[in-house]
Structures are given as C-alpha cells and as structure tokens.
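Chemist: Structure below; questions to follow.
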Amino acid sequence: MAQFRAKKLDLGCFVNVRNIRDHTKRKVFAEHEAERQALRYIIRNTSLSQRARAQAQLQLTQMHCYTRSTQIKNRCIMGGKGRGIMSDFNMGRYQFRINALAGNIPGVKKASW
Amino acid sequence: MVTMIYSAPLDAKSHLPLDKATISSLDELRLPRAVYAAYLRPLRRAPQYGVPVCDLQLRSYSVRNLELFADTAMRAAYYLNLPAKGPVPLPRITERWTVPRANFIFKKSQENFERRTVRRLIQIQDGEPEVVRAWLGFLEKHQYHGVGMKANVWEWEELGCGKKMEEEAKAAAEETNGLWEGFGRRKLGPEEKVRELLNSEPFRRAMHGDAPMILPEKEGRGQEYKTPLHEVGRG
C-alpha cells in the first residue's frame with residue numbers, strides 16, 4: 001500500500017514492483033510485530049476480562065494486512081521470481097546456476113563426485 | 001635458507017659488487033631466530049593444567065586461506081604465552097544443490113553444485129581471560145579474507161564469586177541490552193506493549209465501563225474516536 005512505501009528507493013537488489021511490495025511488507029510487519037503479539041497475548045489471556053479480550057480481537061482484526069507475517073514471501077533477489085526460491089541464496093534456481101557458474105557465490109562450485 | 005644480502009656501498013669508490021668470499025661468509029650468517037621461525041612449523045607452549053579456556057573454530061571455503069590463518073593464530077598464541085592445541089581439522093561440511101540447466105522445463109538435464117566448508121579448531125588451555133581476549137582481538141583485527149571465526153570462551157572464577165558475578169551481570173546487561181534487543185526469537189515478551197494497550201482509552205472504557213467496544217483511533221484510517229453519548233451528558 002502506498003502509505004507504507006518508502007518515498008525513496010531503499011532496496012539494493014533487483015527492483016521490481018513486486019520486490020518493492022514485499023520489502024515494504026517486511027518493514028511494516030517488523031514495525032508492528034510487538035503490537036500484534038501484545039494483542040494476541042491479551043486475546044489468549046484468560047485472566048483478563050472478556051470485554052478486554054473482545055476489544056483486543058476487534059483491534060487485531062482491524063490491523064492492516066501488511067502487518068501480518070503471512071504476507072511476506074521470499075522473492076528472487078536477482079530476477080524477482082516469486083516461486084521456487086532457494087532459501088540458502090534467496091535466488092531462483094536459474095539465477096543461482098548463472099551466478100554460481102560465474103563465480104559470484106562464494107564457495108559454490110560445480111560438483112562431481 | 002635464502003639469504004642474498006648486499007650491503008650498500010660505504011663510500012663512493014666501492015660501488016663494485018662484493019667479492020665472492022664476502023658473499024659466502026654473509027650467506028653463512030644465520031637469520032634472526034624470530035625471522036627464521038617463520039620458515040618452521042609454529043612453536044607452541046606446553047599447558048600446565050590443561051584446562052580449556054577458549055575454543056576457536058575457523059571456517060572457510062578455501063583450504064589455503066584457512067591454513068594460513070590457522071598458522072598465524074598459532075604463532076600469535078605462542079608469542080602471547082598461550083598454550084594452544086591444534087589446529088585440529090574438523091569434518092568438512094558439504095552442501096549440494098541440483099538444479100535444472102534450463103530456465104524452463106527440461107528436467108532431464110540437470111547440474112550439480114556444491115560448497116565445501118573446511119574447518120579448523122584451535123583450543124587454548126590455561127590462558128588468562130584477558131590474554132585470551134587480546135588474542136581474539138588481534139585475530140579479529142587481522143582477519144583474513146574468506147575465513148570466518150567463532151570462539152567459545154570459558155572463564156574460571158574463584159570461590160565465593162556470586163556477589164561479584166551478579167554485579168557484573170547487571171553491568172553487562174545494561175551494556176548489551178540495546179545491542180542485542182532484537183536478537184533471538186520472540187525473547188522479548190509483549191508485556192510493555194500489553195500494559196500500554198490495556199491502559200489505552202478504548203480498553204479502559206471496555207473494561208471499566210459499559211461503553212460499547214470502540215475502534216482505536218489510528219492515523220490514516222479516517223475513523224475518529226467519539227465519546228459515547230451517555231458520557232457527553234455527564235461531562
């Protein structure tokens with residue numbers, strides 16, 4: 001969402017609207033994580049009054065979807081691909097192969113055994 | 001040993017190279033011990049009690065860099081009077097990945113990649129904590145490219161040190177609280193935030209009054225907090 005997006009580009013990898021969006025979601029989630037956890041705690045705490053817990057439920061459902069951790073998705077830092085990302089390198093498999101062959105990934109070589 | 005030493009001409013007349021006898025006699029001169037030691041395996045001190053104080057693990061993808069740095073670390077330990085054991089070659093970690101060669105379909109033709117991490121372990125025994133810290137600091141300052149370090153340090157205290165340790169822990173916590181705030185997984189409880197939320201206006205109303213549940217006032221949501229009607233009258 002536009003209100004969360006940084007005014008100036010603050011991303012160093014492959015730039016793509018989807019990559020920027022994912023980056024924004026990560027930042028927003030990090031910012032609001034404490035609040036989310038507090039609300040979740042209140043909701044689950046049976047020693048608090050029912051009304052307070054209901055109020056917390058209400059507030060939690062009203063929070064923006066960008067504050068959810070499930071909105072975050074790993075994307076390829078070299079090509080922006082959204083599926084089949086190797087979590088070790090944050091890259092799609094083809095980009096991984098290209099970069100490994102070019103020697104850009106430290107220590108990764110062609111294997112033969 | 002390679003020693004080719006030519007002294008600079010002392011006066012303007014003797015600019016000719018040295019005669020053979022002088023050269024051979026110069027060749028026979030030995031290097032200073034400390035310099036000559038660089039050609040030999042690193043010296044090591046014998047531990048008196050054998051109490052482990054520090055385990056330093058070095059990791060790299062290249063054996064050459066790793067060997068060189070492990071050697072440096074051993075020499076540094078010797079000159080700091082630290083008894084060091086090692087470098088012990090630990091089992092190397094091999095990670096393998098198989099990916100299709102093509103960017104799209106053609107799964108039958110794939111390629112294998114691997115990354116081998118080689119490791120060395122250096123153990124310091126019977127060292128004073130301060131010296132061990134100096135050693136680690138020296139190694140950190142002169143880090144070699146492509147070599148990672150990880151150190152486990154154990155310190156031994158005198159008996160009856162409980163009070164002292166408590167004080168130290170307090171001081172250390174003050175120092176590191178800011179630095180390690182975000183470290184670990186949900187270590188920080190939500191207590192503060194919970195307190196803040198429970199003391200906020202909508203919650204207080206929900207808990208201590210019979211007011212309807214109210215959405216919190218938030219920036220950018222365009223929803224304003226309104227005082228319930230029955231309270232307006234009271235004010």
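Going through the structure tokens in order, the chains are called A, B, and so on, while each chain numbers its residues from 1 and the ligands are numbered from 1 in the order shown.
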Which residues of range 52-160 of chain B sit at most 12 Å from range 65-88 of chain A, using only C-alpha atoms? Give each one's shortest atom pair and distance in Å (one decimal place), in chain and ascending residue order, as JSON lines.
Modeler:
```
{"residue": "B:Glu95", "atom": "CA", "partner": "A:Asp88", "partner_atom": "CA", "distance": 10.4}
{"residue": "B:Arg96", "atom": "CA", "partner": "A:Asp88", "partner_atom": "CA", "distance": 11.1}
{"residue": "B:Trp97", "atom": "CA", "partner": "A:Met86", "partner_atom": "CA", "distance": 9.4}
{"residue": "B:Thr98", "atom": "CA", "partner": "A:Met86", "partner_atom": "CA", "distance": 10.9}
{"residue": "B:Val99", "atom": "CA", "partner": "A:Met86", "partner_atom": "CA", "distance": 10.1}
{"residue": "B:Asn103", "atom": "CA", "partner": "A:Lys81", "partner_atom": "CA", "distance": 11.6}
{"residue": "B:Phe104", "atom": "CA", "partner": "A:Gly84", "partner_atom": "CA", "distance": 12.0}
{"residue": "B:Arg115", "atom": "CA", "partner": "A:Asp88", "partner_atom": "CA", "distance": 11.5}
```
Chemist: Please return, as a PyMOL selection string, all residues of chain A that DSSP assigns to helix (DSSP H, G or I) on the basis of the backbone.
Modeler: chain A and resi 17-44+50-62+65-67+69-71+93-101
Chemist: Kindly indicate which residue among B:Glu196, B:Glu130, B:Glu157, B:Glu175 lies nearest to chain A, using only C-alpha atoms for the distances.
Modeler: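 The answer is B:Glu196, which sits nearest to chain A.
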Chemist: Output as a list in words all residues of chain A that backbone DSSP marks as strand (DSSP E).
Modeler: Ile85, Met86, Met91, Gly92, Val108, Lys109 and Lys110 of chain A
Chemist: Okay, now the selection with N, CA, C and O atoms, as an mmCIF file, in the first residue's frame?
Modeler:
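The file below, selection_17.cif, is the result:
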```
data_model
loop_
_atom_site.group_PDB
_atom_site.id
_atom_site.type_symbol
_atom_site.label_atom_id
_atom_site.label_comp_id
_atom_site.auth_asym_id
_atom_site.auth_seq_id
_atom_site.Cartn_x
_atom_site.Cartn_y
_atom_site.Cartn_z
ATOM 1 N N ILE A 85 12.110 -20.468 -4.856
ATOM 2 C CA ILE A 85 13.303 -19.730 -4.455
ATOM 3 C C ILE A 85 14.145 -20.615 -3.552
ATOM 4 O O ILE A 85 13.635 -21.252 -2.629
ATOM 5 N N MET A 86 15.447 -20.653 -3.807
ATOM 6 C CA MET A 86 16.336 -21.428 -2.935
ATOM 7 C C MET A 86 16.610 -20.568 -1.704
ATOM 8 O O MET A 86 17.217 -19.500 -1.810
ATOM 9 N N MET A 91 17.490 -16.912 -4.214
ATOM 10 C CA MET A 91 17.501 -16.754 -5.661
ATOM 11 C C MET A 91 16.696 -17.881 -6.293
ATOM 12 O O MET A 91 16.580 -18.961 -5.729
ATOM 13 N N GLY A 92 16.177 -17.593 -7.459
ATOM 14 C CA GLY A 92 15.553 -18.644 -8.240
ATOM 15 C C GLY A 92 16.617 -19.616 -8.721
ATOM 16 O O GLY A 92 17.801 -19.284 -8.744
ATOM 17 N N VAL A 108 30.706 -21.776 -3.926
ATOM 18 C CA VAL A 108 29.885 -22.707 -4.704
ATOM 19 C C VAL A 108 30.567 -23.024 -6.027
ATOM 20 O O VAL A 108 30.923 -22.130 -6.785
ATOM 21 N N LYS A 109 30.761 -24.329 -6.236
ATOM 22 C CA LYS A 109 31.421 -24.774 -7.461
ATOM 23 C C LYS A 109 30.600 -25.882 -8.079
ATOM 24 O O LYS A 109 29.723 -26.438 -7.433
ATOM 25 N N LYS A 110 30.959 -26.210 -9.297
ATOM 26 C CA LYS A 110 30.314 -27.366 -9.913
ATOM 27 C C LYS A 110 30.767 -28.610 -9.168
ATOM 28 O O LYS A 110 31.950 -28.782 -8.882
#
```
Chemist: With 8 Å as the cut-off and only C-alpha atoms counted, what is the closest atom pair between each nearby residue of chain A and chain B? Distances in Å to one decimal, ordered by chain and number, as CSV.
Modeler:
```
residue,atom,partner,partner_atom,distance
A:Ala34,CA,B:Pro190,CA,6.3
A:Glu35,CA,B:Lys193,CA,6.3
A:Gln37,CA,B:Pro190,CA,6.1
A:Ala38,CA,B:Val194,CA,4.9
A:Leu39,CA,B:Val194,CA,7.1
A:Tyr41,CA,B:Pro190,CA,7.4
A:Ile42,CA,B:Val194,CA,7.1
A:Ser49,CA,B:Met207,CA,6.9
A:Arg51,CA,B:Ala206,CA,5.9
A:Ala52,CA,B:Met207,CA,5.7
A:Gln55,CA,B:Met213,CA,6.1
A:Leu58,CA,B:Leu215,CA,7.3
A:Gln59,CA,B:Leu215,CA,6.6
A:Arg93,CA,B:Val99,CA,6.1
A:Tyr94,CA,B:Asn103,CA,5.3
A:Arg97,CA,B:Val99,CA,7.2
A:Ala100,CA,B:Phe113,CA,7.9
A:Pro106,CA,B:Tyr61,CA,7.6
A:Gly107,CA,B:Tyr61,CA,5.2
A:Val108,CA,B:Arg115,CA,4.6
A:Lys109,CA,B:Phe113,CA,5.5
A:Lys110,CA,B:Phe113,CA,4.4
A:Ala111,CA,B:Phe113,CA,4.7
A:Ser112,CA,B:Asn112,CA,7.3
```
Chemist: Can I get the selected residues back with N, CA, C and O atoms, as a short mmCIF file (atom, residue, chain, number, x, y, z; two decimals), in the first residue's frame?
Modeler:
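Output file out-v1.cif is given in full below:
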```
data_model
loop_
_atom_site.label_atom_id
_atom_site.label_comp_id
_atom_site.auth_asym_id
_atom_site.auth_seq_id
_atom_site.Cartn_x
_atom_site.Cartn_y
_atom_site.Cartn_z
N ALA A 34 5.36 -6.09 17.61
CA ALA A 34 5.13 -6.01 19.06
C ALA A 34 3.66 -5.82 19.36
O ALA A 34 3.10 -6.47 20.25
N GLU A 35 3.04 -4.94 18.59
CA GLU A 35 1.63 -4.66 18.82
C GLU A 35 0.78 -5.91 18.58
O GLU A 35 -0.11 -6.25 19.37
N GLN A 37 1.72 -9.02 18.73
CA GLN A 37 1.96 -10.02 19.76
C GLN A 37 1.23 -9.65 21.05
O GLN A 37 0.69 -10.51 21.73
N ALA A 38 1.21 -8.36 21.37
CA ALA A 38 0.53 -7.91 22.58
C ALA A 38 -0.96 -8.22 22.49
O ALA A 38 -1.56 -8.74 23.43
N LEU A 39 -1.53 -7.94 21.32
CA LEU A 39 -2.96 -8.19 21.16
C LEU A 39 -3.26 -9.69 21.24
O LEU A 39 -4.22 -10.12 21.87
N TYR A 41 -1.59 -11.80 22.83
CA TYR A 41 -1.43 -12.19 24.24
C TYR A 41 -2.69 -11.86 25.03
O TYR A 41 -3.17 -12.68 25.82
N ILE A 42 -3.23 -10.68 24.79
CA ILE A 42 -4.44 -10.28 25.52
C ILE A 42 -5.59 -11.21 25.18
O ILE A 42 -6.36 -11.63 26.04
N SER A 49 -10.47 -9.68 31.51
CA SER A 49 -11.92 -9.70 31.36
C SER A 49 -12.30 -10.01 29.91
O SER A 49 -11.55 -9.71 28.98
N ARG A 51 -14.39 -8.67 28.07
CA ARG A 51 -14.55 -7.48 27.23
C ARG A 51 -13.21 -6.99 26.69
O ARG A 51 -13.09 -6.60 25.54
N ALA A 52 -12.21 -7.03 27.56
CA ALA A 52 -10.88 -6.59 27.11
C ALA A 52 -10.39 -7.51 26.00
O ALA A 52 -9.81 -7.06 25.01
N GLN A 55 -12.20 -6.73 22.87
CA GLN A 55 -11.66 -5.47 22.33
C GLN A 55 -10.36 -5.74 21.57
O GLN A 55 -10.12 -5.21 20.50
N LEU A 58 -11.02 -7.33 18.32
CA LEU A 58 -11.50 -6.31 17.38
C LEU A 58 -10.33 -5.53 16.80
O LEU A 58 -10.22 -5.33 15.59
N GLN A 59 -9.45 -5.13 17.68
CA GLN A 59 -8.30 -4.34 17.21
C GLN A 59 -7.41 -5.15 16.29
O GLN A 59 -6.88 -4.66 15.31
N ARG A 93 16.21 -20.80 -9.11
CA ARG A 93 17.23 -21.82 -9.42
C ARG A 93 18.07 -21.47 -10.62
O ARG A 93 19.27 -21.74 -10.67
N TYR A 94 17.44 -20.81 -11.61
CA TYR A 94 18.22 -20.49 -12.81
C TYR A 94 19.22 -19.37 -12.50
O TYR A 94 20.37 -19.42 -12.90
N ARG A 97 22.08 -20.82 -10.75
CA ARG A 97 23.02 -21.53 -11.63
C ARG A 97 23.91 -20.53 -12.36
O ARG A 97 25.14 -20.69 -12.40
N ALA A 100 26.34 -19.01 -9.88
CA ALA A 100 27.32 -19.98 -9.40
C ALA A 100 28.37 -20.24 -10.47
O ALA A 100 29.58 -20.32 -10.18
N PRO A 106 30.17 -17.17 -3.17
CA PRO A 106 31.39 -17.68 -2.57
C PRO A 106 31.31 -19.17 -2.25
O PRO A 106 30.35 -19.63 -1.67
N GLY A 107 32.31 -19.90 -2.68
CA GLY A 107 32.42 -21.30 -2.29
C GLY A 107 31.64 -22.28 -3.13
O GLY A 107 31.86 -23.47 -3.04
N VAL A 108 30.71 -21.78 -3.93
CA VAL A 108 29.89 -22.71 -4.70
C VAL A 108 30.57 -23.02 -6.03
O VAL A 108 30.92 -22.13 -6.78
N LYS A 109 30.76 -24.33 -6.24
CA LYS A 109 31.42 -24.77 -7.46
C LYS A 109 30.60 -25.88 -8.08
O LYS A 109 29.72 -26.44 -7.43
N LYS A 110 30.96 -26.21 -9.30
CA LYS A 110 30.31 -27.37 -9.91
C LYS A 110 30.77 -28.61 -9.17
O LYS A 110 31.95 -28.78 -8.88
N ALA A 111 29.84 -29.49 -8.87
CA ALA A 111 30.19 -30.66 -8.08
C ALA A 111 30.35 -31.87 -8.98
O ALA A 111 29.70 -32.00 -10.00
N SER A 112 31.26 -32.74 -8.58
CA SER A 112 31.44 -34.01 -9.27
C SER A 112 31.96 -34.98 -8.24
O SER A 112 32.98 -34.73 -7.61
#
```
Chemist: Rank B:Ala73, B:Val53, B:Leu29, B:Leu40 by their smallest atom-to-atom distance to Tyr144 in chain B, using only C-alpha atoms, and report the top residue only.
Modeler: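 Nearest to Tyr144 in chain B: B:Ala73.
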Chemist: Expressed in Å to a single decimal, how great is the separation between CA of Gly50 in chain B and CA of Ala172 in chain B?
Modeler: 28.7 Å
Chemist: Quick one: pull the distance between CA of Leu60 in chain A and CA of Ile20 in chain A, Å, one decimal.
Modeler: 25.2 Å
Chemist: Have a look at CA of Leu58 in chain B and CA of Trp156 in chain B and let me know their distance in Å, one decimal.
Modeler: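 So the two atoms, CA of Leu58 in chain B and CA of Trp156 in chain B, lie 23.9 Å apart.
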Chemist: Using only C-alpha atoms, find the one residue out of A:His32, A:Phe89, A:Asn19, A:Leu48 that sits nearest to Met63 in chain A.
Modeler: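 Under the stated criterion, the closest residue is A:His32.
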